[in-house]
>>> print(open('entry04.pdb').read())   # PDB, C-alpha atoms
ATOM      1  CA  MET A   1     -31.670 -12.380   6.246
ATOM      2  CA  HIS A   2     -28.091 -11.141   5.952
ATOM      3  CA  GLN A   3     -27.702  -7.391   6.317
ATOM      4  CA  SER A   4     -25.002  -5.605   4.389
ATOM      5  CA  LYS A   5     -22.183  -3.603   5.859
ATOM      6  CA  GLN A   6     -21.035  -0.356   4.307
ATOM      7  CA  PRO A   7     -17.686   1.362   4.824
ATOM      8  CA  VAL A   8     -17.774   5.054   5.649
ATOM      9  CA  ALA A   9     -15.386   7.031   3.464
ATOM     10  CA  THR A  10     -13.341   9.731   5.144
ATOM     11  CA  GLN A  11     -10.722  12.065   3.759
ATOM     12  CA  GLU A  12      -7.614  10.309   5.022
ATOM     13  CA  ALA A  13      -5.560   8.206   2.643
ATOM     14  CA  SER A  14      -4.619   5.043   4.444
ATOM     15  CA  THR A  15      -2.978   1.870   3.331
ATOM     16  CA  MET A  16      -3.910   0.125   6.577
ATOM     17  CA  PRO A  17      -6.131  -2.977   6.269
ATOM     18  CA  PHE A  18      -9.212  -1.603   8.046
ATOM     19  CA  SER A  19     -12.040   0.859   7.494
ATOM     20  CA  SER A  20     -12.400   4.065   9.499
ATOM     21  CA  ALA A  21     -15.957   2.960  10.197
ATOM     22  CA  ILE A  22     -18.527   0.397   9.124
ATOM     23  CA  ALA A  23     -22.264   1.015   9.069
ATOM     24  CA  ALA A  24     -24.281  -2.128   9.765
ATOM     25  CA  GLY A  25     -27.597  -2.968  11.383
ATOM     26  CA  GLY A  26     -28.474   0.639  12.171
ATOM     27  CA  PHE A  27     -25.169   1.252  13.962
ATOM     28  CA  LEU A  28     -21.863   2.845  13.041
ATOM     29  CA  PHE A  29     -18.745   1.066  14.317
ATOM     30  CA  VAL A  30     -15.852   3.552  14.394
ATOM     31  CA  SER A  31     -12.321   2.153  14.424
ATOM     32  CA  GLY A  32      -9.881   3.336  17.055
ATOM     33  CA  GLN A  33      -8.862   6.949  16.587
ATOM     34  CA  GLY A  34      -5.954   8.731  18.212
ATOM     35  CA  GLY A  35      -4.542  12.209  18.451
ATOM     36  CA  LEU A  36      -3.223  12.207  14.901
ATOM     37  CA  ASP A  37      -3.845  15.022  12.463
ATOM     38  CA  PRO A  38      -5.700  13.346   9.558
ATOM     39  CA  ASP A  39      -3.966  15.581   7.005
ATOM     40  CA  THR A  40      -0.390  14.995   8.158
ATOM     41  CA  GLY A  41      -0.621  11.711  10.076
ATOM     42  CA  ARG A  42       1.415  13.305  12.865
ATOM     43  CA  VAL A  43       0.648  13.348  16.583
ATOM     44  CA  VAL A  44      -0.877  16.745  17.427
ATOM     45  CA  GLY A  45       1.098  17.331  20.586
ATOM     46  CA  PRO A  46       2.783  15.725  23.550
ATOM     47  CA  ASP A  47      -0.032  16.374  26.049
ATOM     48  CA  LEU A  48      -3.178  14.361  26.759
ATOM     49  CA  GLN A  49      -5.583  17.282  26.397
ATOM     50  CA  ALA A  50      -4.502  18.115  22.836
ATOM     51  CA  GLN A  51      -4.495  14.456  21.831
ATOM     52  CA  THR A  52      -7.939  13.794  23.342
ATOM     53  CA  ILE A  53      -9.427  16.837  21.598
ATOM     54  CA  GLN A  54      -7.977  15.671  18.251
ATOM     55  CA  THR A  55      -9.109  12.091  18.862
ATOM     56  CA  LEU A  56     -12.696  13.211  19.456
ATOM     57  CA  ALA A  57     -12.521  15.555  16.443
ATOM     58  CA  ASN A  58     -11.443  12.592  14.302
ATOM     59  CA  ILE A  59     -14.366  10.527  15.602
ATOM     60  CA  GLU A  60     -16.759  13.425  15.068
ATOM     61  CA  ARG A  61     -15.589  13.833  11.456
ATOM     62  CA  ILE A  62     -16.239  10.152  10.750
ATOM     63  CA  LEU A  63     -19.662  10.329  12.421
ATOM     64  CA  GLN A  64     -20.608  13.403  10.369
ATOM     65  CA  GLU A  65     -19.640  11.601   7.165
ATOM     66  CA  ALA A  66     -22.235   8.967   8.116
ATOM     67  CA  GLY A  67     -24.874  11.537   9.111
ATOM     68  CA  ALA A  68     -24.410  11.079  12.863
ATOM     69  CA  SER A  69     -22.931  13.105  15.724
ATOM     70  CA  LEU A  70     -21.187  12.581  19.054
ATOM     71  CA  GLN A  71     -24.620  12.581  20.703
ATOM     72  CA  ASP A  72     -25.458   9.374  18.792
ATOM     73  CA  ILE A  73     -22.625   7.424  20.457
ATOM     74  CA  VAL A  74     -23.833   4.651  22.750
ATOM     75  CA  LYS A  75     -20.530   2.900  23.591
ATOM     76  CA  VAL A  76     -16.868   3.855  23.668
ATOM     77  CA  ASN A  77     -13.677   1.991  24.462
ATOM     78  CA  VAL A  78     -10.879   4.188  25.750
ATOM     79  CA  TYR A  79      -7.244   3.133  25.706
ATOM     80  CA  LEU A  80      -4.850   5.240  27.767
ATOM     81  CA  LYS A  81      -1.081   4.887  27.730
ATOM     82  CA  GLU A  82      -0.961   4.958  31.529
ATOM     83  CA  ARG A  83      -3.246   4.967  34.576
ATOM     84  CA  ALA A  84      -1.996   8.393  35.705
ATOM     85  CA  LEU A  85      -3.844   9.962  32.716
ATOM     86  CA  TYR A  86      -7.315   8.769  33.767
ATOM     87  CA  ASP A  87      -8.481  11.808  35.770
ATOM     88  CA  GLU A  88      -7.134  14.302  33.217
ATOM     89  CA  PHE A  89      -8.806  12.326  30.418
ATOM     90  CA  ASN A  90     -12.162  12.451  32.238
ATOM     91  CA  GLN A  91     -11.943  16.236  32.539
ATOM     92  CA  VAL A  92     -11.654  16.613  28.751
ATOM     93  CA  TYR A  93     -14.120  13.792  27.967
ATOM     94  CA  ARG A  94     -16.801  15.404  30.158
ATOM     95  CA  THR A  95     -16.747  18.533  27.963
ATOM     96  CA  TYR A  96     -17.891  16.429  24.975
ATOM     97  CA  PHE A  97     -20.480  14.155  26.599
ATOM     98  CA  SER A  98     -23.226  14.642  29.155
ATOM     99  CA  TYR A  99     -25.836  12.502  30.873
ATOM    100  CA  PRO A 100     -26.760   9.943  29.784
ATOM    101  CA  PHE A 101     -23.115   9.244  29.039
ATOM    102  CA  PRO A 102     -22.225   6.509  26.543
ATOM    103  CA  ALA A 103     -21.395   3.142  28.078
ATOM    104  CA  ARG A 104     -17.621   3.031  28.412
ATOM    105  CA  THR A 105     -14.643   0.791  29.024
ATOM    106  CA  ALA A 106     -11.215   2.233  29.853
ATOM    107  CA  VAL A 107      -7.998   0.230  29.790
ATOM    108  CA  TYR A 108      -4.285   1.016  29.902
ATOM    109  CA  SER A 109      -2.128  -0.141  27.029
ATOM    110  CA  ASP A 110       0.934   0.526  24.918
ATOM    111  CA  LEU A 111      -0.379   2.412  21.868
ATOM    112  CA  ASN A 112       0.848   2.764  18.285
ATOM    113  CA  TYR A 113       2.615   5.982  17.200
ATOM    114  CA  ASP A 114       3.465   6.666  20.865
ATOM    115  CA  ILE A 115       0.085   8.357  21.365
ATOM    116  CA  LEU A 116      -1.415   8.808  24.827
ATOM    117  CA  VAL A 117      -5.050   7.983  24.026
ATOM    118  CA  GLU A 118      -7.074   5.982  21.521
ATOM    119  CA  ILE A 119     -10.863   5.730  21.362
ATOM    120  CA  ASP A 120     -13.235   3.568  19.345
ATOM    121  CA  ALA A 121     -16.984   4.070  19.333
ATOM    122  CA  ILE A 122     -20.358   2.652  18.413
ATOM    123  CA  ALA A 123     -23.119   5.075  17.423
ATOM    124  CA  ILE A 124     -26.741   4.718  16.456
ATOM    125  CA  LEU A 125     -27.307   5.877  12.886
ATOM    126  CA  PRO A 126     -30.189   8.278  12.353
ATOM    127  CA  LYS A 127     -33.061   6.761  10.425
ATOM    128  CA  GLY A 128     -33.476   7.954   6.895
TER     129      GLY A 128
END
>>> encode(input="entry04.pdb", output="structure tokens")
Amino acid sequence: MHQSKQPVATQEASTMPFSSAIAAGGFLFVSGQGGLDPDTGRVVGPDLQAQTIQTLANIERILQEAGASLQDIVKVNVYLKERALYDEFNQVYRTYFSYPFPARTAVYSDLNYDILVEIDAIAILPKG
């Protein structure tokens, strides 16, 4: 039997050809989020800490729209602009997640909008 997929509506107005998140099969698949203010579309600041905090706030907002929270995340992919940011990123990340941490992949990549970090996530949707 084919299960349906449902987009999760968030407040941002985007003309990009992807959804902020898709709910399917009891999971929520959140598209990559960066340190952009959802109201202005601008990068929140030049430093990794500010961008990571905004990135996680953007993910949290999308999760809340679907009835989930950061604690429901089971997998994240982290994209950092450069390897030198890894330890600083972990310091901020650790303030949002605790054991058992989500499974995680971290890679280094050139990112759109000249941001320093981008994160996508998979969360379990609460039953109901």
>>> closest_residue(input="entry04.pdb", among="A:Pro7, A:Pro126, A:Pro46, A:Gly25", to="Ile73 (chain A)", atoms="all atoms listed in the file")
A:Pro126
>>> resolve_selection(input="entry04.pdb", expression="the PyMOL selection byres ((chain A and resi 67) around 12)", output="count of residues only")
24
>>> residues_around(input="entry04.pdb", residues="Val44 (chain A)", least_positions_apart="5", cutoff="8 Å", atoms="all atoms listed in the file", output="list in words")
Gly35, Leu36, Asp37, Ala50, Gln51 and Gln54 of chain A
>>> atom_distance(input="entry04.pdb", atom1="CA of Gln91 (chain A)", atom2="CA of Val43 (chain A)")
20.5 Å
>>> atom_distance(input="entry04.pdb", atom1="CA of Asp110 (chain A)", atom2="CA of Ile53 (chain A)")
19.6 Å
>>> atom_distance(input="entry04.pdb", atom1="CA of Asn58 (chain A)", atom2="CA of Asp87 (chain A)")
21.7 Å
>>> residues_near_point(input="entry04.pdb", point="(-17.3, 7.1, 17.4)", cutoff="6 Å", atoms="all atoms listed in the file", output="list in words")
Val30, Ile59, Asp120, Ala121 and Ile122 of chain A
>>> resolve_selection(input="entry04.pdb", expression="the PyMOL selection byres ((chain A and resi 108) around 8)", output="mmCIF file with C-alpha atoms, keeping the file's coordinate frame")
data_model
loop_
_atom_site.group_PDB
_atom_site.id
_atom_site.type_symbol
_atom_site.label_atom_id
_atom_site.label_comp_id
_atom_site.auth_asym_id
_atom_site.auth_seq_id
_atom_site.Cartn_x
_atom_site.Cartn_y
_atom_site.Cartn_z
ATOM 1 C CA TYR A 79 -7.244 3.133 25.706
ATOM 2 C CA LEU A 80 -4.850 5.240 27.767
ATOM 3 C CA LYS A 81 -1.081 4.887 27.730
ATOM 4 C CA GLU A 82 -0.961 4.958 31.529
ATOM 5 C CA ARG A 83 -3.246 4.967 34.576
ATOM 6 C CA ALA A 106 -11.215 2.233 29.853
ATOM 7 C CA VAL A 107 -7.998 0.230 29.790
ATOM 8 C CA SER A 109 -2.128 -0.141 27.029
ATOM 9 C CA ASP A 110 0.934 0.526 24.918
#
>>> closest_residue(input="entry04.pdb", among="A:Lys5, A:Pro38, A:Gln49, A:Asp114", to="Ile22 (chain A)", atoms="all atoms listed in the file")
A:Lys5
>>> closest_residue(input="entry04.pdb", among="A:Ile115, A:Val74, A:Tyr86, A:Thr40", to="Ser98 (chain A)", atoms="all atoms listed in the file")
A:Val74
>>> axis_aligned_box(input="entry04.pdb", around="region 62-79 of chain A", padding_each_side="4 Å", output="lines of an AutoDock Vina configuration file")
center_x = -16.4
center_y = 7.7
center_z = 16.5
size_x = 26.2
size_y = 19.4
size_z = 26.6
>>> closest_residue(input="entry04.pdb", among="A:Ser31, A:Leu48, A:Ile119, A:Asp39", to="Leu85 (chain A)", atoms="all atoms listed in the file")
A:Leu48
>>> closest_residue(input="entry04.pdb", among="A:Thr15, A:Thr52, A:Ser20, A:Gln33", to="Tyr96 (chain A)", atoms="only C-alpha atoms")
A:Thr52
>>> build_atoms(input="entry04.pdb", residues="region 82-104 of chain A", atoms="N, CA and C atoms", output="PDB file, in the coordinates of the input")
ATOM      1  N   GLU A  82      -1.272   5.265  30.129  1.00  0.00           N
ATOM      2  CA  GLU A  82      -0.961   4.958  31.529  1.00  0.00           C
ATOM      3  C   GLU A  82      -2.090   5.389  32.449  1.00  0.00           C
ATOM      4  N   ARG A  83      -2.177   4.732  33.592  1.00  0.00           N
ATOM      5  CA  ARG A  83      -3.246   4.967  34.576  1.00  0.00           C
ATOM      6  C   ARG A  83      -3.249   6.413  35.071  1.00  0.00           C
ATOM      7  N   ALA A  84      -2.103   7.031  35.174  1.00  0.00           N
ATOM      8  CA  ALA A  84      -1.996   8.393  35.705  1.00  0.00           C
ATOM      9  C   ALA A  84      -2.761   9.407  34.847  1.00  0.00           C
ATOM     10  N   LEU A  85      -3.140   9.042  33.620  1.00  0.00           N
ATOM     11  CA  LEU A  85      -3.844   9.962  32.716  1.00  0.00           C
ATOM     12  C   LEU A  85      -5.363   9.932  32.884  1.00  0.00           C
ATOM     13  N   TYR A  86      -5.874   9.011  33.672  1.00  0.00           N
ATOM     14  CA  TYR A  86      -7.315   8.769  33.767  1.00  0.00           C
ATOM     15  C   TYR A  86      -8.113  10.008  34.196  1.00  0.00           C
ATOM     16  N   ASP A  87      -7.723  10.651  35.279  1.00  0.00           N
ATOM     17  CA  ASP A  87      -8.481  11.808  35.770  1.00  0.00           C
ATOM     18  C   ASP A  87      -8.434  12.971  34.778  1.00  0.00           C
ATOM     19  N   GLU A  88      -7.261  13.228  34.207  1.00  0.00           N
ATOM     20  CA  GLU A  88      -7.134  14.302  33.217  1.00  0.00           C
ATOM     21  C   GLU A  88      -7.993  13.989  31.984  1.00  0.00           C
ATOM     22  N   PHE A  89      -7.982  12.726  31.559  1.00  0.00           N
ATOM     23  CA  PHE A  89      -8.806  12.326  30.418  1.00  0.00           C
ATOM     24  C   PHE A  89     -10.280  12.616  30.708  1.00  0.00           C
ATOM     25  N   ASN A  90     -10.755  12.239  31.894  1.00  0.00           N
ATOM     26  CA  ASN A  90     -12.162  12.451  32.238  1.00  0.00           C
ATOM     27  C   ASN A  90     -12.557  13.926  32.209  1.00  0.00           C
ATOM     28  N   GLN A  91     -11.650  14.807  32.574  1.00  0.00           N
ATOM     29  CA  GLN A  91     -11.943  16.236  32.539  1.00  0.00           C
ATOM     30  C   GLN A  91     -12.221  16.697  31.112  1.00  0.00           C
ATOM     31  N   VAL A  92     -11.443  16.243  30.156  1.00  0.00           N
ATOM     32  CA  VAL A  92     -11.654  16.613  28.751  1.00  0.00           C
ATOM     33  C   VAL A  92     -12.890  15.902  28.204  1.00  0.00           C
ATOM     34  N   TYR A  93     -13.010  14.615  28.467  1.00  0.00           N
ATOM     35  CA  TYR A  93     -14.120  13.792  27.967  1.00  0.00           C
ATOM     36  C   TYR A  93     -15.471  14.390  28.380  1.00  0.00           C
ATOM     37  N   ARG A  94     -15.551  14.851  29.618  1.00  0.00           N
ATOM     38  CA  ARG A  94     -16.801  15.404  30.158  1.00  0.00           C
ATOM     39  C   ARG A  94     -17.258  16.657  29.392  1.00  0.00           C
ATOM     40  N   THR A  95     -16.348  17.346  28.725  1.00  0.00           N
ATOM     41  CA  THR A  95     -16.747  18.533  27.963  1.00  0.00           C
ATOM     42  C   THR A  95     -17.400  18.160  26.635  1.00  0.00           C
ATOM     43  N   TYR A  96     -17.303  16.898  26.230  1.00  0.00           N
ATOM     44  CA  TYR A  96     -17.891  16.429  24.975  1.00  0.00           C
ATOM     45  C   TYR A  96     -19.173  15.624  25.174  1.00  0.00           C
ATOM     46  N   PHE A  97     -19.339  15.023  26.340  1.00  0.00           N
ATOM     47  CA  PHE A  97     -20.480  14.155  26.599  1.00  0.00           C
ATOM     48  C   PHE A  97     -21.155  14.565  27.898  1.00  0.00           C
ATOM     49  N   SER A  98     -22.475  14.363  27.943  1.00  0.00           N
ATOM     50  CA  SER A  98     -23.226  14.642  29.155  1.00  0.00           C
ATOM     51  C   SER A  98     -24.203  13.496  29.403  1.00  0.00           C
ATOM     52  N   TYR A  99     -24.893  13.555  30.504  1.00  0.00           N
ATOM     53  CA  TYR A  99     -25.836  12.502  30.873  1.00  0.00           C
ATOM     54  C   TYR A  99     -26.957  12.406  29.846  1.00  0.00           C
ATOM     55  N   PRO A 100     -27.350  11.234  29.424  1.00  0.00           N
ATOM     56  CA  PRO A 100     -26.760   9.943  29.784  1.00  0.00           C
ATOM     57  C   PRO A 100     -25.491   9.691  28.975  1.00  0.00           C
ATOM     58  N   PHE A 101     -24.398   9.483  29.685  1.00  0.00           N
ATOM     59  CA  PHE A 101     -23.115   9.244  29.039  1.00  0.00           C
ATOM     60  C   PHE A 101     -23.149   7.932  28.270  1.00  0.00           C
ATOM     61  N   PRO A 102     -22.339   7.810  27.208  1.00  0.00           N
ATOM     62  CA  PRO A 102     -22.225   6.509  26.543  1.00  0.00           C
ATOM     63  C   PRO A 102     -21.671   5.466  27.523  1.00  0.00           C
ATOM     64  N   ALA A 103     -22.050   4.215  27.326  1.00  0.00           N
ATOM     65  CA  ALA A 103     -21.395   3.142  28.078  1.00  0.00           C
ATOM     66  C   ALA A 103     -19.914   3.204  27.722  1.00  0.00           C
ATOM     67  N   ARG A 104     -19.048   2.829  28.675  1.00  0.00           N
ATOM     68  CA  ARG A 104     -17.621   3.031  28.412  1.00  0.00           C
ATOM     69  C   ARG A 104     -16.768   1.996  29.116  1.00  0.00           C
TER      70      ARG A 104
END
